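Reading through the structure tokens given below for one structure.
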Number of protein chains: 2
Amino acid sequence: MRIIVDAYGGDHAPKEILLGCVQAMEELNIELALSGDAGKIRAAAQELGIAEQVAKMEIFDCPDVLTMEDEPTSLLREKSQSSMAVGFQALAEGKGEAFASAGNSGALVVGATTIAKRIKGVKRVSFAPLLPKSQGFFMLSDGGANVDCRPEMLLQFGIMGSEYMRKVMGIENPRVGLANVGSETHKGDALRQEAYALLKSCSTIHFVGNVEAREIPYDAADVVVADGFTGNMMLKLYEGVAMAVMDKIKGVFQKSLFNKLAAGMVYQDLKALKKSMDYNEYGGAPIMGASKPVYKIHGSAKAGTVKNALRLTRDYVSSGIIEEISGALGKARD
Amino acid sequence: MRIIVDAYGGDHAPKEILLGCVQAMEELNIELALSGDAGKIRAAAQELGIAEQVAKMEIFDCPDVLTMEDEPTSLLREKSQSSMAVGFQALAEGKGEAFASAGNSGALVVGATTIAKRIKGVKRVSFAPLLPKSQGFFMLSDGGANVDCRPEMLLQFGIMGSEYMRKVMGIENPRVGLANVGSETHKGDALRQEAYALLKSCSTIHFVGNVEAREIPYDAADVVVADGFTGNMMLKLYEGVAMAVMDKIKGVFQKSLFNKLAAGMVYQDLKALKKSMDYNEYGGAPIMGASKPVYKIHGSAKAGTVKNALRLTRDYVSSGIIEEISGALGKARD
């Protein structure tokens with residue numbers, strides 16, 4: 001299996017991306033290819049002492065970079081020679097079986113839709129991060145690709161998420177919940193009410209009804225379905241609140257020498273806790289609904305997170321989920 | 001000043017409500033009246049040893065209770081003899097200057113709209129909880145009263161929230177932010193884009209633009225404007241994530257005797273931290289836009305929280321904010 005990696009996406013590109021790629025190549029039994037400025041990539045690899053390993057990766061040479069400030073659709077126009085665009089083109093041409101990038105999420109969604117193309121029958125691709133809950137992780141779909149959604153799109157997000165959690169994450173009968181303002185059937189706006197009816201009548205998923213936001217961190221569902229506006233607010237609030245609380249805890253522990261001593265006593269356990277809540281552990285978010293696996297690596301990913309993301313990208317490929325989704329959508333229509 | 005309190009609203013009614021009322025009466029220099037079953041209220045007061053103090057409160061006697069399971073609009077029909085409905089009627093008849101209840105939020109919104117009535121010019125009342133941020137608190141408006149919103153409603157939520165934070169919470173020039181999926185001007189759906197333009201052109205508020213959910217716990221704004229669907233998701237996720245993280249921390253501290261020892265060392269500081277993040281400290285949420293102050297006490301409020309909420313209800317009355325809002329909305333229209 002060969003995965004194409006955007007060497008110039010993310011806050012710590014290219015160095016942490018390259019280091020992560022080398023780790024992944026050595027540990028995960030995968031072949032890698034890179035997109036980006038070949039000269040610069042080779043120079044960075046030299047500097048990091050990984051020139052030999054990087055030399056094993058084909059480089060799709062291109063001069064440009066699509067930044068966080070660029071418009072997502074610039075991928076198709078002025079940034080068509082960027083590392084992301086060229087990576088997508090290589091994917092479309094079959095030069096690899098998946099594409100992973102830590103770059104601009106919006107542009108990745110554009111590329112997944114227009115270059116990788118959607119799976120037949122999929123109305124919209126979804127940006128679907130995995131987030132920590134009291135036990136394990138859940139998929140939030142859509143986490144921000146589509147600010148305006150129709151009910152059928154939410155149904156598809158549920159079906160695709162269910163397939164992913166089953167085939168890639170190994171959850172036998174994933175619980176699909178609809179993010180809503182109350183647990184009762186009639187709750188929410190027209191979009192929620194119509195989506196509820198569609199999800200409820202879909203025989204290929206295990207729909208557990210509406211889930212309130214308060215319950216989501218407490219293992220309410222394995223797949224949480226939302227429109228992209230609400231989902232993006234939830235995703236970012238999830239991160240923000242967890243970080244703010246952890247910062248406050250840190251403040252307590254640094255308050256005095258005595259408190260620092262107490263912190264030292266539970267250091268290992270706090271570190272393990274932080275890891276269990278860290279969504280870098282799962283490396284990012286698959287783009288669901290593209291006809292070839294596209295994976296968004298967390299923007300601030302360092303080498304370890306890049307490697308984790310590439311493991312999940314590999315699992316995404318080997319799961320055969322894309323064919324499954326096509327079938328599951330067909331069944332839902334029947 | 002006289003505040004009417006729903007003696008039968010909330011998880012711990014009537015006992016904790018009565019205890020909180022007695023504390024409030026003794027500490028806050030306010031007169032109180034109660035709505036609910038007079039016989040039961042007197043019996044509970046007797047049992048709690050506060051019969052003498054409760055005897056000073058007029059009771060609007062009524063047999064019924066509106067529960068969390070009741071439809072909000074039942075307030076106007078089958079539950080018109082509930083403690084909440086009768087409390088609202090007493091407010092409308094001028095038997096008190098404000099009404100506070102820990103009962104069903106939806107029904108409180110119905111009562112604020114149809115019995116207390118809206119301030120002239122206000123399109124919809126808003127459920128506007130105060131939530132902790134890195135420094136102090138911010139108002140989230142709307143936190144769930146209106147699942148479908150038009151742009152003008154979001155403008156009004158911003159204006160009303162700004163007045164509240166200035167006059168009741170003493171913040172000189174409250175920063176009003178629009179909850180959105182990105183900070184750039186053009187971000188979000190049509191509702192957000194139109195609301196942005198309205199908020200931006202409003203000269204009576206200090207609009208700081210779009211705020212991303214990640215920044216909200218970090219003091220991004222004093223008033224966060226949202227439609228009621230998004231706001232409710234945010235409110236509940238805010239609580240859920242903070243609780244889940246605190247639970248995990250608690251788990252670390254209870255893991256071993258050694259860890260318990262460490263916890264003991266920072267106990268006072270952790271307790272202070274918990275208090276700083278506890279939105280019970282601010283007792284609940286004003287209903288903004290009603291022509292008389294209506295205050296939602298947190299549903300799980302115990303006596304101390306009830307007292308805090310009644311302090312804020314008192315401040316809501318004495319701030320004269322309702323006249324201010326009327327003026328501010330007028331100016332915004334000009």
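By convention in this document, the chains of the structure tokens carry letters A, B, ... by their order, each chain's residues are numbered from 1, and ligands are numbered from 1 in the order they are shown.
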Interface, chain A side, toward chain B (9 Å; only C-alpha atoms) as a PyMOL selection string: chain A and resi 133-134+144+147-148+179-181+188-190+212-218+229-230+232-246+248-249+252-253+255+258-259+261-266+269-270+273+277
Every residue of region 14-180 of chain B that DSSP places in strand (DSSP E), as an NGL selection string: :B and (31-36 or 58-61 or 98-101 or 126-127 or 130-132 or 137-141 or 175-180)
Restricting it to N, CA and C atoms, dump the selection as a PDB file, in the first residue's frame.
ATOM      1  N   GLU B  31     -37.855  41.496  49.854  1.00  0.00           N
ATOM      2  CA  GLU B  31     -39.063  40.823  50.305  1.00  0.00           C
ATOM      3  C   GLU B  31     -39.344  39.706  49.298  1.00  0.00           C
ATOM      4  N   LEU B  32     -39.876  38.597  49.785  1.00  0.00           N
ATOM      5  CA  LEU B  32     -40.171  37.493  48.872  1.00  0.00           C
ATOM      6  C   LEU B  32     -41.626  37.050  48.978  1.00  0.00           C
ATOM      7  N   ALA B  33     -42.150  36.535  47.870  1.00  0.00           N
ATOM      8  CA  ALA B  33     -43.457  35.880  47.869  1.00  0.00           C
ATOM      9  C   ALA B  33     -43.270  34.539  47.178  1.00  0.00           C
ATOM     10  N   LEU B  34     -44.107  33.591  47.490  1.00  0.00           N
ATOM     11  CA  LEU B  34     -43.948  32.246  46.938  1.00  0.00           C
ATOM     12  C   LEU B  34     -45.186  31.824  46.168  1.00  0.00           C
ATOM     13  N   SER B  35     -45.011  31.005  45.147  1.00  0.00           N
ATOM     14  CA  SER B  35     -46.168  30.382  44.502  1.00  0.00           C
ATOM     15  C   SER B  35     -46.053  28.875  44.676  1.00  0.00           C
ATOM     16  N   GLY B  36     -47.176  28.230  44.987  1.00  0.00           N
ATOM     17  CA  GLY B  36     -47.171  26.781  45.204  1.00  0.00           C
ATOM     18  C   GLY B  36     -48.240  26.387  46.208  1.00  0.00           C
ATOM     19  N   GLU B  58     -45.659  36.064  51.485  1.00  0.00           N
ATOM     20  CA  GLU B  58     -47.009  35.795  50.991  1.00  0.00           C
ATOM     21  C   GLU B  58     -46.955  34.552  50.101  1.00  0.00           C
ATOM     22  N   ILE B  59     -47.969  33.714  50.199  1.00  0.00           N
ATOM     23  CA  ILE B  59     -48.007  32.527  49.334  1.00  0.00           C
ATOM     24  C   ILE B  59     -49.189  32.637  48.374  1.00  0.00           C
ATOM     25  N   PHE B  60     -48.895  32.520  47.071  1.00  0.00           N
ATOM     26  CA  PHE B  60     -49.958  32.444  46.076  1.00  0.00           C
ATOM     27  C   PHE B  60     -50.288  30.962  45.937  1.00  0.00           C
ATOM     28  N   ASP B  61     -51.356  30.590  46.587  1.00  0.00           N
ATOM     29  CA  ASP B  61     -51.697  29.170  46.751  1.00  0.00           C
ATOM     30  C   ASP B  61     -52.218  28.560  45.450  1.00  0.00           C
ATOM     31  N   ALA B  98     -40.399  40.958  40.171  1.00  0.00           N
ATOM     32  CA  ALA B  98     -39.671  39.985  39.339  1.00  0.00           C
ATOM     33  C   ALA B  98     -40.163  38.595  39.696  1.00  0.00           C
ATOM     34  N   PHE B  99     -39.881  37.639  38.808  1.00  0.00           N
ATOM     35  CA  PHE B  99     -40.261  36.251  39.058  1.00  0.00           C
ATOM     36  C   PHE B  99     -39.059  35.357  38.798  1.00  0.00           C
ATOM     37  N   ALA B 100     -38.802  34.452  39.731  1.00  0.00           N
ATOM     38  CA  ALA B 100     -37.680  33.521  39.574  1.00  0.00           C
ATOM     39  C   ALA B 100     -38.178  32.101  39.772  1.00  0.00           C
ATOM     40  N   SER B 101     -37.689  31.186  38.920  1.00  0.00           N
ATOM     41  CA  SER B 101     -38.103  29.791  39.010  1.00  0.00           C
ATOM     42  C   SER B 101     -36.966  28.871  38.585  1.00  0.00           C
ATOM     43  N   SER B 126     -34.986  35.830  25.032  1.00  0.00           N
ATOM     44  CA  SER B 126     -33.817  34.957  24.939  1.00  0.00           C
ATOM     45  C   SER B 126     -33.492  34.375  26.310  1.00  0.00           C
ATOM     46  N   PHE B 127     -33.120  33.125  26.293  1.00  0.00           N
ATOM     47  CA  PHE B 127     -32.658  32.444  27.499  1.00  0.00           C
ATOM     48  C   PHE B 127     -31.149  32.654  27.540  1.00  0.00           C
ATOM     49  N   LEU B 130     -25.235  32.698  32.122  1.00  0.00           N
ATOM     50  CA  LEU B 130     -23.874  33.191  32.323  1.00  0.00           C
ATOM     51  C   LEU B 130     -22.970  31.990  32.540  1.00  0.00           C
ATOM     52  N   LEU B 131     -21.894  31.940  31.777  1.00  0.00           N
ATOM     53  CA  LEU B 131     -20.985  30.791  31.839  1.00  0.00           C
ATOM     54  C   LEU B 131     -19.571  31.246  32.175  1.00  0.00           C
ATOM     55  N   PRO B 132     -18.823  30.382  32.865  1.00  0.00           N
ATOM     56  CA  PRO B 132     -17.466  30.779  33.258  1.00  0.00           C
ATOM     57  C   PRO B 132     -16.505  30.807  32.080  1.00  0.00           C
ATOM     58  N   PHE B 137     -17.130  35.769  33.764  1.00  0.00           N
ATOM     59  CA  PHE B 137     -18.237  35.069  33.118  1.00  0.00           C
ATOM     60  C   PHE B 137     -18.623  35.768  31.820  1.00  0.00           C
ATOM     61  N   PHE B 138     -19.247  35.033  30.925  1.00  0.00           N
ATOM     62  CA  PHE B 138     -19.822  35.651  29.732  1.00  0.00           C
ATOM     63  C   PHE B 138     -21.276  35.231  29.614  1.00  0.00           C
ATOM     64  N   MET B 139     -22.050  36.052  28.902  1.00  0.00           N
ATOM     65  CA  MET B 139     -23.447  35.710  28.649  1.00  0.00           C
ATOM     66  C   MET B 139     -23.558  35.039  27.290  1.00  0.00           C
ATOM     67  N   LEU B 140     -24.256  33.902  27.272  1.00  0.00           N
ATOM     68  CA  LEU B 140     -24.550  33.214  26.017  1.00  0.00           C
ATOM     69  C   LEU B 140     -26.010  33.502  25.682  1.00  0.00           C
ATOM     70  N   SER B 141     -26.245  34.165  24.549  1.00  0.00           N
ATOM     71  CA  SER B 141     -27.610  34.564  24.208  1.00  0.00           C
ATOM     72  C   SER B 141     -27.845  34.353  22.716  1.00  0.00           C
ATOM     73  N   ARG B 175     -17.804  43.434  25.341  1.00  0.00           N
ATOM     74  CA  ARG B 175     -17.479  42.985  23.991  1.00  0.00           C
ATOM     75  C   ARG B 175     -18.534  41.978  23.544  1.00  0.00           C
ATOM     76  N   VAL B 176     -19.162  42.271  22.410  1.00  0.00           N
ATOM     77  CA  VAL B 176     -20.186  41.384  21.865  1.00  0.00           C
ATOM     78  C   VAL B 176     -19.583  40.623  20.689  1.00  0.00           C
ATOM     79  N   GLY B 177     -19.626  39.305  20.731  1.00  0.00           N
ATOM     80  CA  GLY B 177     -19.095  38.493  19.641  1.00  0.00           C
ATOM     81  C   GLY B 177     -20.167  37.587  19.062  1.00  0.00           C
ATOM     82  N   LEU B 178     -20.048  37.277  17.787  1.00  0.00           N
ATOM     83  CA  LEU B 178     -20.980  36.374  17.123  1.00  0.00           C
ATOM     84  C   LEU B 178     -20.340  34.984  17.042  1.00  0.00           C
ATOM     85  N   ALA B 179     -20.978  33.985  17.660  1.00  0.00           N
ATOM     86  CA  ALA B 179     -20.439  32.619  17.614  1.00  0.00           C
ATOM     87  C   ALA B 179     -20.461  32.134  16.174  1.00  0.00           C
ATOM     88  N   ASN B 180     -19.287  31.789  15.647  1.00  0.00           N
ATOM     89  CA  ASN B 180     -19.216  31.416  14.240  1.00  0.00           C
ATOM     90  C   ASN B 180     -18.083  30.415  14.014  1.00  0.00           C
TER      91      ASN B 180
END
Shell of 8 Å around region 89-91 of chain A, only C-alpha atoms, local chain residues under 2 positions omitted, as a ChimeraX atom specification: /A:4,60,85-87,93-99,115-116,292
9 Å contact set for Leu329 (chain B), only C-alpha atoms, chain neighbours under 5 positions out, as a JSON list (two decimals) with C-alpha atoms, in the first residue's frame:
[["chain", "number", "residue", "atom", "x", "y", "z"],
["B", 121, "GLY", "CA", -39.86, 46.16, 19.93],
["B", 122, "VAL", "CA", -38.32, 42.88, 21.14],
["B", 156, "GLN", "CA", -31.32, 42.11, 19.54],
["B", 159, "ILE", "CA", -27.96, 44.56, 22.30],
["B", 160, "MET", "CA", -29.84, 43.10, 25.26],
["B", 204, "THR", "CA", -24.74, 51.14, 20.56],
["B", 324, "GLU", "CA", -32.50, 50.79, 28.89],
["B", 334, "ASP", "CA", -32.77, 54.68, 13.95]]
Selection: 8 Å around Ser203 (chain B), only C-alpha atoms, excl. self and same-chain fewer than 3 positions, as JSON, numbers by chain: {"B": [200, 206, 332]}
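For the atom pair formed by CA of Asp315 (chain B) and CA of Arg2 (chain B), the distance is 12.1 Å, given to one decimal.
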Residue set, region 194-316 of chain B restricted to helix (DSSP H, G or I), as an NGL selection string: :B and (194-200 or 213-218 or 228-253 or 257-265 or 267-277 or 279-282 or 303-316)
Same residues, C-alpha atoms, saved as a PDB file, in the first residue's frame:
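Wrote selection36.pdb, looks like this:
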ATOM      1  CA  GLU B 194     -26.575  38.762   7.767  1.00  0.00           C
ATOM      2  CA  ALA B 195     -26.327  38.934  11.559  1.00  0.00           C
ATOM      3  CA  TYR B 196     -22.689  39.981  11.244  1.00  0.00           C
ATOM      4  CA  ALA B 197     -23.647  42.929   9.043  1.00  0.00           C
ATOM      5  CA  LEU B 198     -26.381  44.036  11.470  1.00  0.00           C
ATOM      6  CA  LEU B 199     -24.183  43.734  14.566  1.00  0.00           C
ATOM      7  CA  LYS B 200     -21.318  45.499  12.808  1.00  0.00           C
ATOM      8  CA  ALA B 213     -15.902  28.312  19.797  1.00  0.00           C
ATOM      9  CA  ARG B 214     -12.325  27.405  20.721  1.00  0.00           C
ATOM     10  CA  GLU B 215     -11.746  30.964  21.960  1.00  0.00           C
ATOM     11  CA  ILE B 216     -14.951  31.352  23.954  1.00  0.00           C
ATOM     12  CA  PRO B 217     -13.635  29.744  27.174  1.00  0.00           C
ATOM     13  CA  TYR B 218     -10.617  32.061  26.820  1.00  0.00           C
ATOM     14  CA  GLY B 228     -31.002  29.107  20.174  1.00  0.00           C
ATOM     15  CA  PHE B 229     -30.182  25.772  18.565  1.00  0.00           C
ATOM     16  CA  THR B 230     -26.434  26.384  18.405  1.00  0.00           C
ATOM     17  CA  GLY B 231     -26.506  28.167  21.761  1.00  0.00           C
ATOM     18  CA  ASN B 232     -28.213  25.253  23.474  1.00  0.00           C
ATOM     19  CA  MET B 233     -25.729  22.783  22.011  1.00  0.00           C
ATOM     20  CA  MET B 234     -22.911  25.011  23.225  1.00  0.00           C
ATOM     21  CA  LEU B 235     -24.390  25.477  26.686  1.00  0.00           C
ATOM     22  CA  LYS B 236     -24.804  21.771  27.250  1.00  0.00           C
ATOM     23  CA  LEU B 237     -21.487  20.810  25.713  1.00  0.00           C
ATOM     24  CA  TYR B 238     -19.783  23.425  27.871  1.00  0.00           C
ATOM     25  CA  GLU B 239     -21.194  21.796  30.974  1.00  0.00           C
ATOM     26  CA  GLY B 240     -20.644  18.260  29.712  1.00  0.00           C
ATOM     27  CA  VAL B 241     -17.004  18.635  28.708  1.00  0.00           C
ATOM     28  CA  ALA B 242     -16.074  20.541  31.889  1.00  0.00           C
ATOM     29  CA  MET B 243     -17.756  17.881  34.014  1.00  0.00           C
ATOM     30  CA  ALA B 244     -16.168  15.026  32.066  1.00  0.00           C
ATOM     31  CA  VAL B 245     -12.678  16.494  32.442  1.00  0.00           C
ATOM     32  CA  MET B 246     -13.216  17.148  36.155  1.00  0.00           C
ATOM     33  CA  ASP B 247     -14.460  13.575  36.576  1.00  0.00           C
ATOM     34  CA  LYS B 248     -11.315  12.282  34.939  1.00  0.00           C
ATOM     35  CA  ILE B 249      -9.165  14.417  37.251  1.00  0.00           C
ATOM     36  CA  LYS B 250     -11.138  13.076  40.196  1.00  0.00           C
ATOM     37  CA  GLY B 251     -10.480   9.565  38.925  1.00  0.00           C
ATOM     38  CA  VAL B 252      -6.740  10.254  38.942  1.00  0.00           C
ATOM     39  CA  PHE B 253      -6.887  11.475  42.529  1.00  0.00           C
ATOM     40  CA  LEU B 257      -3.806   6.122  48.551  1.00  0.00           C
ATOM     41  CA  PHE B 258      -0.715   7.969  47.378  1.00  0.00           C
ATOM     42  CA  ASN B 259      -2.740   9.956  44.874  1.00  0.00           C
ATOM     43  CA  LYS B 260      -5.348  10.701  47.536  1.00  0.00           C
ATOM     44  CA  LEU B 261      -2.582  12.173  49.650  1.00  0.00           C
ATOM     45  CA  ALA B 262      -1.548  14.428  46.764  1.00  0.00           C
ATOM     46  CA  ALA B 263      -5.175  15.473  46.290  1.00  0.00           C
ATOM     47  CA  GLY B 264      -5.384  16.354  49.972  1.00  0.00           C
ATOM     48  CA  MET B 265      -2.426  18.670  49.553  1.00  0.00           C
ATOM     49  CA  TYR B 267      -7.692  20.231  48.144  1.00  0.00           C
ATOM     50  CA  GLN B 268      -8.463  23.858  48.991  1.00  0.00           C
ATOM     51  CA  ASP B 269      -7.106  25.104  45.682  1.00  0.00           C
ATOM     52  CA  LEU B 270      -9.005  22.486  43.678  1.00  0.00           C
ATOM     53  CA  LYS B 271     -12.165  23.425  45.537  1.00  0.00           C
ATOM     54  CA  ALA B 272     -11.631  27.086  44.678  1.00  0.00           C
ATOM     55  CA  LEU B 273     -11.036  26.097  41.056  1.00  0.00           C
ATOM     56  CA  LYS B 274     -14.228  24.086  40.944  1.00  0.00           C
ATOM     57  CA  LYS B 275     -16.095  27.060  42.348  1.00  0.00           C
ATOM     58  CA  SER B 276     -14.602  29.404  39.735  1.00  0.00           C
ATOM     59  CA  MET B 277     -15.904  27.131  36.983  1.00  0.00           C
ATOM     60  CA  TYR B 279     -22.041  28.198  36.840  1.00  0.00           C
ATOM     61  CA  ASN B 280     -24.189  27.610  39.877  1.00  0.00           C
ATOM     62  CA  GLU B 281     -22.152  30.444  41.336  1.00  0.00           C
ATOM     63  CA  TYR B 282     -24.110  32.713  39.078  1.00  0.00           C
ATOM     64  CA  ALA B 303     -30.075  26.739  48.764  1.00  0.00           C
ATOM     65  CA  GLY B 304     -26.830  28.656  48.119  1.00  0.00           C
ATOM     66  CA  THR B 305     -27.428  28.771  44.374  1.00  0.00           C
ATOM     67  CA  VAL B 306     -31.038  29.860  44.925  1.00  0.00           C
ATOM     68  CA  LYS B 307     -29.784  32.720  47.055  1.00  0.00           C
ATOM     69  CA  ASN B 308     -27.203  33.721  44.423  1.00  0.00           C
ATOM     70  CA  ALA B 309     -29.885  33.654  41.752  1.00  0.00           C
ATOM     71  CA  LEU B 310     -32.145  35.856  43.858  1.00  0.00           C
ATOM     72  CA  ARG B 311     -29.285  38.321  44.317  1.00  0.00           C
ATOM     73  CA  LEU B 312     -28.963  38.525  40.540  1.00  0.00           C
ATOM     74  CA  THR B 313     -32.725  38.811  40.171  1.00  0.00           C
ATOM     75  CA  ARG B 314     -32.617  41.730  42.603  1.00  0.00           C
ATOM     76  CA  ASP B 315     -29.781  43.337  40.612  1.00  0.00           C
ATOM     77  CA  TYR B 316     -31.750  42.741  37.399  1.00  0.00           C
TER      78      TYR B 316
END
Distance of CA of Ala7 (chain B) from CA of Cys21 (chain B), expressed in Å to one decimal place: 9.1 Å
Residue nearest Lys40 (chain A) among A:Ala13, A:Ile119, A:Leu191, A:Ala145 (counting only C-alpha atoms):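 Result for the nearest residue to Lys40 (chain A): A:Ala13.
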What's around Ile321 (chain A) at 8 Å? Count only C-alpha atoms, leave out sequence neighbours fewer than 3 positions away in its own chain, and write the answer as a compact mmCIF listing (two decimals) with C-alpha atoms, in the first residue's frame.
# COMPACT_ATOMS: atom_id res chain seq x y z
CA GLU A 163 -19.37 2.01 8.55
CA TYR A 164 -16.16 3.74 9.59
CA LYS A 167 -14.73 -1.38 9.86
CA VAL A 168 -11.86 0.91 10.87
CA TYR A 316 -8.99 3.38 6.20
CA VAL A 317 -7.56 1.92 2.96
CA SER A 318 -7.40 -1.70 4.08
CA GLU A 324 -19.11 -0.79 1.92
CA ILE A 325 -20.40 2.78 1.98
Separation of CA of Tyr295 (chain A) from CA of Met1 (chain A), in Å and rounded to one decimal: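 Going from CA of Tyr295 (chain A) over to CA of Met1 (chain A) covers 15.1 Å.
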Pick from A:Leu155, A:Leu18, A:Ala328, A:Ile41, whichever lies nearest to Gln193 (chain A) using only C-alpha atoms: A:Leu155
